[in-house]
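Below is one structure, written out as structure tokens; comments come after it.
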Amino acid sequence: MRYRPAMSSHVAATTDLDPRLRAVRTADVRVTVLQGDSPLAGHHVVVEQRSHRFGFGSTGMDLIGLANDEGTDQERSTAEVIGERWLELFNLVTLPFYWARFEPERGHPDTQRIQAAARWFAQRSCRVKGHPLTWHTLAPEWLLPLTNAEVQAALTARIHRDVSDFAGLIDTWDVVNEAVIMPVFDRYDNAITRLCRQLGRVETVRLAFDAARATNPDATLLLNDFDVSVDYEHLVEACLDAGVQIDVLGIQSHMHQGYWGEEKTLDVLERFSRFGLPIHFTESTLVSGKLMPPEIEDLNDYQVADWPSTPEGEARQADEAVRHYTTLLADPAVEAITWWGLPDGGWLNAPSGLVRADGSPKPAYDALHALIKGAWWLPPTPMTTDADGRLRVSGWLGDYEVTIGGRTVGFSIDRAVASVVVRLDA
């Protein structure tokens with residue numbers, strides 16, 4: 001059953017940006033409907049959107065157990081509710097490959113469970129991304145006794161194995177995560193930081209990207225970071241100058257200390273769009289409770305046991321989520337936004353989800369649903385073919401269906417294609 005959100009006033013906030021959104025995210029296409037080789041003239045049809053080209057994403061960590069039929073009856077029941085909410089809003093999922101958790105014992109990776117989760121999402125028409133292949137945090141402890149040469153060999157082998165094992169299921173990867181801080185990270189000893197200190201940031205990025213590219217030449221490979229300062233710009237520039245082929249720039253926007261605001265967001269977009277690469281906002285959060293104190297430098301340093309969501313915070317989160325998504329969607333460089341965790345408490349115990357722990361939707365969920373499946377969606381639309389069997393459809397970039405007399409055939413709206421032919425069986 002399709003979720004029907006409560007009426008939301010937040011959609012009205014996009015009115016003045018609609019012309020920009022339509023200029024960037026919509027197109028017209030001429031659809032010619034044929035039966036056999038003959039045009040179907042003067043026929044009543046229904047055109048309906050089936051998916052967005054834009055990636056509206058979230059993490060899938062909370063649904064791995066459901067995909068593997070794990071947990072108690074109560075846990076599965078809650079996961080089913082969260083899963084329904086997830087599928088009603090998103091089309092892009094990020095699955096975890098944190099090395100210390102994915103392969104806590106060398107040679108025993110958690111491949112089958114994550115493959116089952118990837119298939120679960122793929123079977124429900126979701127694109128799947130892996131996160132991350134290379135990161136200093138959550139590097140396995142079994143790397144520590146190894147020499148740097150052995151660590152490099154183990155990392156390369158890990159990338160080859162996982163990209164190969166998941167090819168066709170996962171063809172998009174956060175290849176290197178948080179490389180800006182990687183060689184100077186000093187919270188605890190880890191072998192990836194040690195290797196990065198020896199190789200340098202650019203050569204570490206090259207190592208990981210070359211391994212992933214060699215294993216799956218058709219994969220989409222991201223460099224991802226929370227640091228949106230000039231340091232990340234310099235790293236990207238250095239990598240590109242060194243010939244590293246980066247497909248997409250990943251930008252994290254964890255806003256536990258408050259919404260960035262349009263001015264900062266637009267500044268970040270302007271600075272990173274100069275590289276001419278697509279941009280994914282890979283990790284976005286806004287809290288619906290008390291804001292994290294501004295003096296905290298590392299979000300991981302603020303993990304309180306009781307961090308409740310509040311009515312006032314939920315209203316603020318809904319307003320800011322709409323503003324954040326609308327700003328990003330209006331920029332042509334941005335191809336995807338991933339909300340980091342659908343239910344509350346999944347990351348740093350923060351009330352940063354779009355639904356509460358029991359799966360009940362918060363105002364931010366309703367507000368985004370009203371955009372993604374409302375204002376930014378073409379509902380079932382009755383139309384009539386002309387004398388040449390043609391329709392002119394204006395809609396959001398994505399996949400569509402045209403239904404005639406109970407028969408349905410698909411087509412896509414793409415800026416590069418002005419006309420398409422759909423053919424019903426004779």
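Residue numbers start at 1 in each chain; chains themselves are named A, B, ... in the order of the structure tokens; ligands are numbered from 1 in the order shown.
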- Item | Filtered DSSP result for stretch 208-297 of chain A, state alpha helix (DSSP H), as a count of residues only | 32
- Query: If we count only C-alpha atoms, what is near A:Glu314 at a cut-off of 10 Å, once residues fewer than 3 positions away on the same chain are taken out, given as a list in words?
  - Reply: Leu286, Val287, Ser288, Gly289, Ser309, Thr310, Pro311, Gln317, Ala318, Asp319, Glu320, Pro351, Ser352, Leu354, Lys362, Pro363, Ala364 and Tyr365 of chain A
- Pick out the closest residue to A:Arg206 from this set: A:Val236, A:Phe185, A:Gln252, A:Val47. Count only C-alpha atoms.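 Smallest distance to A:Arg206 is found for A:Val236.
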- Task: Rank nothing, just name the residue among A:Gly341, A:Gly398, A:Pro293, A:Gly250 nearest to A:Val29, using only C-alpha atoms.
- Result: A:Gly398
- Query: Taking into account only C-alpha atoms, which residue in the set A:Ile246, A:Val128, A:Val393, A:Leu34 is nearest to A:Val93?
  - Reply: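 Counting only C-alpha atoms, the residue closest to A:Val93 is A:Val128.
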- Shell around stretch 79-82 of chain A at 9 Å using only C-alpha atoms, local window under 3 positions removed, as a PyMOL selection string: chain A and resi 62-63+65-66+74-76+85-87+342-343+355+357-360
Go ahead and dump the residues you just picked, N, CA and C atoms, as an mmCIF file, in the first residue's frame.
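Wrote it out as out_8.cif, contents follow:
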data_model
loop_
_atom_site.group_PDB
_atom_site.id
_atom_site.type_symbol
_atom_site.label_atom_id
_atom_site.label_comp_id
_atom_site.auth_asym_id
_atom_site.auth_seq_id
_atom_site.Cartn_x
_atom_site.Cartn_y
_atom_site.Cartn_z
ATOM 1 N N ASP A 62 19.967 -0.517 8.248
ATOM 2 C CA ASP A 62 18.883 -0.977 9.120
ATOM 3 C C ASP A 62 18.045 -2.083 8.494
ATOM 4 N N LEU A 63 18.267 -2.369 7.218
ATOM 5 C CA LEU A 63 17.439 -3.357 6.523
ATOM 6 C C LEU A 63 18.232 -4.590 6.091
ATOM 7 N N GLY A 65 19.340 -6.942 8.075
ATOM 8 C CA GLY A 65 18.741 -8.082 8.777
ATOM 9 C C GLY A 65 17.459 -8.544 8.125
ATOM 10 N N LEU A 66 16.623 -7.610 7.702
ATOM 11 C CA LEU A 66 15.372 -7.965 7.033
ATOM 12 C C LEU A 66 15.654 -8.717 5.744
ATOM 13 N N GLN A 74 9.623 -9.176 16.565
ATOM 14 C CA GLN A 74 9.428 -7.749 16.763
ATOM 15 C C GLN A 74 10.411 -6.939 15.932
ATOM 16 N N GLU A 75 11.672 -7.374 15.913
ATOM 17 C CA GLU A 75 12.684 -6.673 15.125
ATOM 18 C C GLU A 75 12.347 -6.715 13.641
ATOM 19 N N ARG A 76 11.897 -7.871 13.163
ATOM 20 C CA ARG A 76 11.529 -7.982 11.742
ATOM 21 C C ARG A 76 10.310 -7.134 11.434
ATOM 22 N N ARG A 85 8.642 2.437 4.464
ATOM 23 C CA ARG A 85 8.897 3.865 4.413
ATOM 24 C C ARG A 85 10.087 4.160 3.479
ATOM 25 N N TRP A 86 11.124 3.357 3.598
ATOM 26 C CA TRP A 86 12.331 3.532 2.786
ATOM 27 C C TRP A 86 11.983 3.470 1.290
ATOM 28 N N LEU A 87 11.311 2.422 0.892
ATOM 29 C CA LEU A 87 11.039 2.205 -0.528
ATOM 30 C C LEU A 87 10.075 3.230 -1.107
ATOM 31 N N LEU A 342 17.705 6.407 7.795
ATOM 32 C CA LEU A 342 16.281 6.738 7.819
ATOM 33 C C LEU A 342 15.722 6.828 9.234
ATOM 34 N N PRO A 343 15.959 5.832 10.138
ATOM 35 C CA PRO A 343 15.400 5.948 11.491
ATOM 36 C C PRO A 343 16.322 6.692 12.442
ATOM 37 N N VAL A 355 12.420 9.171 10.122
ATOM 38 C CA VAL A 355 11.369 8.478 10.871
ATOM 39 C C VAL A 355 11.897 8.195 12.263
ATOM 40 N N ALA A 357 12.323 5.766 15.751
ATOM 41 C CA ALA A 357 12.860 4.412 15.878
ATOM 42 C C ALA A 357 11.825 3.344 15.587
ATOM 43 N N ASP A 358 10.537 3.638 15.832
ATOM 44 C CA ASP A 358 9.487 2.657 15.563
ATOM 45 C C ASP A 358 8.999 2.700 14.118
ATOM 46 N N GLY A 359 9.587 3.578 13.301
ATOM 47 C CA GLY A 359 9.206 3.678 11.898
ATOM 48 C C GLY A 359 8.145 4.721 11.608
ATOM 49 N N SER A 360 7.598 5.368 12.626
ATOM 50 C CA SER A 360 6.580 6.391 12.377
ATOM 51 C C SER A 360 7.231 7.614 11.745
#
- Item | All residues 8 Å or closer to A:Met61, only C-alpha atoms, same chain fewer than 4 positions away omitted, as a list in words |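 Selected residues are Thr94, Leu95, Pro96 and Gly341 of chain A.
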- Message: Residues near A:Ser253, anyone? I mean within 8 Å using only C-alpha atoms, not counting same-chain ones fewer than 5 positions away, as a list in words.
- Response: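 Surrounding residues, per the criterion: Phe226, Phe281, Thr282, Glu283, Ser284 and Thr285 of chain A.
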I need the chosen residues saved as a compact mmCIF listing (two decimals), in the first residue's frame, with C-alpha atoms.
# COMPACT_ATOMS: atom_id res chain seq x y z
CA PHE A 226 33.42 15.70 5.05
CA PHE A 281 25.86 14.81 -1.45
CA THR A 282 26.70 11.43 0.02
CA GLU A 283 25.91 11.89 3.72
CA SER A 284 23.33 14.47 4.76
CA THR A 285 21.79 14.83 8.22
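Between atom CA of A:Asp225 and atom CA of A:Ile251 there is a distance of 5.6 Å.
For A:Ser164, the list of residues within 9 Å, based on only C-alpha atoms and with local chain neighbours fewer than 3 positions off taken out, reads Ile159, His160, Arg161, Ala167, Gly168, Ala212, Thr215 and Asn216 of chain A.
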